[in-house]
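S.K.: You'll find input-v3.pdb just under this line, and it carries PDB, C-alpha atoms.
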ATOM      1  CA  MET N 142     -38.465 114.186 132.319  1.00  0.00           C
ATOM      2  CA  SER N 143     -36.894 117.341 130.906  1.00  0.00           C
ATOM      3  CA  GLU N 144     -36.905 118.162 127.226  1.00  0.00           C
ATOM      4  CA  ARG N 145     -33.780 117.654 125.154  1.00  0.00           C
ATOM      5  CA  LYS N 146     -32.214 120.962 124.239  1.00  0.00           C
ATOM      6  CA  ARG N 147     -30.488 121.403 120.915  1.00  0.00           C
ATOM      7  CA  VAL N 148     -27.310 123.222 119.864  1.00  0.00           C
ATOM      8  CA  SER N 149     -27.337 125.806 117.072  1.00  0.00           C
ATOM      9  CA  ALA N 150     -26.019 123.430 114.401  1.00  0.00           C
ATOM     10  CA  GLU N 151     -28.961 121.080 115.027  1.00  0.00           C
ATOM     11  CA  VAL N 152     -31.428 123.962 114.876  1.00  0.00           C
ATOM     12  CA  ALA N 153     -29.923 125.303 111.652  1.00  0.00           C
ATOM     13  CA  ASP N 154     -30.137 121.831 110.111  1.00  0.00           C
ATOM     14  CA  ARG N 155     -33.791 121.577 111.100  1.00  0.00           C
ATOM     15  CA  LEU N 156     -34.464 124.983 109.524  1.00  0.00           C
ATOM     16  CA  GLY N 157     -32.622 124.037 106.350  1.00  0.00           C
ATOM     17  CA  ILE N 158     -30.052 126.823 106.693  1.00  0.00           C
ATOM     18  CA  SER N 159     -26.401 127.028 107.682  1.00  0.00           C
ATOM     19  CA  ARG N 160     -25.327 127.725 111.248  1.00  0.00           C
ATOM     20  CA  LYS N 161     -23.782 130.984 110.023  1.00  0.00           C
ATOM     21  CA  THR N 162     -27.113 132.075 108.509  1.00  0.00           C
ATOM     22  CA  LEU N 163     -28.831 131.270 111.805  1.00  0.00           C
ATOM     23  CA  MET N 164     -26.308 133.424 113.692  1.00  0.00           C
ATOM     24  CA  VAL N 165     -26.872 136.326 111.274  1.00  0.00           C
ATOM     25  CA  TYR N 166     -30.639 135.920 111.750  1.00  0.00           C
ATOM     26  CA  LEU N 167     -30.197 136.080 115.537  1.00  0.00           C
ATOM     27  CA  HIS N 168     -27.994 139.153 115.211  1.00  0.00           C
ATOM     28  CA  ARG N 169     -30.790 140.849 113.257  1.00  0.00           C
ATOM     29  CA  ASN N 170     -33.492 139.534 115.627  1.00  0.00           C
ATOM     30  CA  PRO N 171     -31.887 139.576 119.092  1.00  0.00           C
ATOM     31  CA  ASP N 172     -35.224 138.942 120.802  1.00  0.00           C
ATOM     32  CA  LEU N 173     -35.077 135.385 119.407  1.00  0.00           C
ATOM     33  CA  LYS N 174     -31.762 134.483 121.050  1.00  0.00           C
ATOM     34  CA  PRO N 175     -32.142 131.506 123.396  1.00  0.00           C
ATOM     35  CA  ALA N 176     -31.762 132.104 127.119  1.00  0.00           C
ATOM     36  CA  GLU N 177     -29.082 129.446 127.659  1.00  0.00           C
ATOM     37  CA  ARG N 178     -25.511 129.521 126.375  1.00  0.00           C
ATOM     38  CA  LEU N 179     -22.767 126.954 126.525  1.00  0.00           C
ATOM     39  CA  PRO N 180     -19.202 127.781 127.665  1.00  0.00           C
ATOM     40  CA  ASP N 181     -18.117 127.857 123.984  1.00  0.00           C
ATOM     41  CA  ASN N 182     -20.760 130.593 123.376  1.00  0.00           C
ATOM     42  CA  ASP N 183     -23.063 128.289 121.410  1.00  0.00           C
ATOM     43  CA  PHE N 184     -26.746 128.475 122.288  1.00  0.00           C
ATOM     44  CA  LEU N 185     -28.876 125.750 123.848  1.00  0.00           C
ATOM     45  CA  TRP N 186     -32.321 125.806 122.277  1.00  0.00           C
ATOM     46  CA  SER N 187     -35.602 124.664 123.789  1.00  0.00           C
ATOM     47  CA  GLU N 188     -38.406 123.516 121.508  1.00  0.00           C
ATOM     48  CA  SER N 189     -40.380 126.714 122.182  1.00  0.00           C
ATOM     49  CA  GLU N 190     -37.377 128.861 121.209  1.00  0.00           C
ATOM     50  CA  ILE N 191     -36.995 126.920 117.957  1.00  0.00           C
ATOM     51  CA  GLU N 192     -40.702 127.302 117.236  1.00  0.00           C
ATOM     52  CA  ALA N 193     -40.443 131.081 117.781  1.00  0.00           C
ATOM     53  CA  VAL N 194     -37.780 131.309 115.048  1.00  0.00           C
ATOM     54  CA  ILE N 195     -39.839 129.141 112.707  1.00  0.00           C
ATOM     55  CA  GLU N 196     -42.938 131.286 113.264  1.00  0.00           C
ATOM     56  CA  ARG N 197     -41.043 134.545 112.698  1.00  0.00           C
ATOM     57  CA  ARG N 198     -39.447 133.256 109.502  1.00  0.00           C
ATOM     58  CA  ASN N 199     -42.824 132.044 108.211  1.00  0.00           C
ATOM     59  CA  ARG N 200     -44.473 135.383 109.010  1.00  0.00           C
ATOM     60  CA  ARG N 201     -41.814 137.266 107.080  1.00  0.00           C
ATOM     61  CA  LYS N 202     -42.105 134.912 104.095  1.00  0.00           C
ATOM     62  CA  HIS N 203     -45.872 135.458 103.901  1.00  0.00           C
ATOM     63  CA  SER N 204     -45.664 139.227 104.285  1.00  0.00           C
ATOM     64  CA  SER N 205     -43.242 139.688 101.369  1.00  0.00           C
TER      65      SER N 205
END
Rewrite the structure from the file as structure tokens, please.
M.R.:
Amino acid sequence: MSERKRVSAEVADRLGISRKTLMVYLHRNPDLKPAERLPDNDFLWSESEIEAVIERRNRRKHSS
């Protein structure tokens, strides 16, 4: 069974930020952009890609 992928709005909600803030974060951290895109240019996120964003955000919070 394959994992359920999430769209950016779902990921932003999980992170407690707006979708726009998530897009700005990805613009500033292009290495975190998910590999898959939808025809409407939204991203499809795997759990490991979501976790990578969470880890990066947590690292930055603790280093400030």
S.K.: Written as number ranges by chain, which residues does the PyMOL selection byres ((chain N and resi 171-177) around 8) give for the file shown?
M.R.: N: 167-170, 178-179, 184-187, 190, 193-194
S.K.: Just give me the gap between CA of Thr162 (chain N) and CA of Ser149 (chain N) in Å, one decimal is fine.
M.R.: 10.6 Å
S.K.: What does the distance between CA of Lys202 (chain N) and CA of Tyr166 (chain N) come to in Å, to one decimal place?
M.R.: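 So the two atoms, CA of Lys202 (chain N) and CA of Tyr166 (chain N), lie 13.8 Å apart.
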S.K.: CA of Ala153 (chain N) and CA of Asn199 (chain N) are how many Å apart?
M.R.: 15.0 Å
S.K.: List the neighbours of Glu188 (chain N) out to 9 Å using only C-alpha atoms; skip same-chain residues closer than 6 positions along the sequence, and give me the result as a VMD selection string.
M.R.: chain N and resid 144 to 147
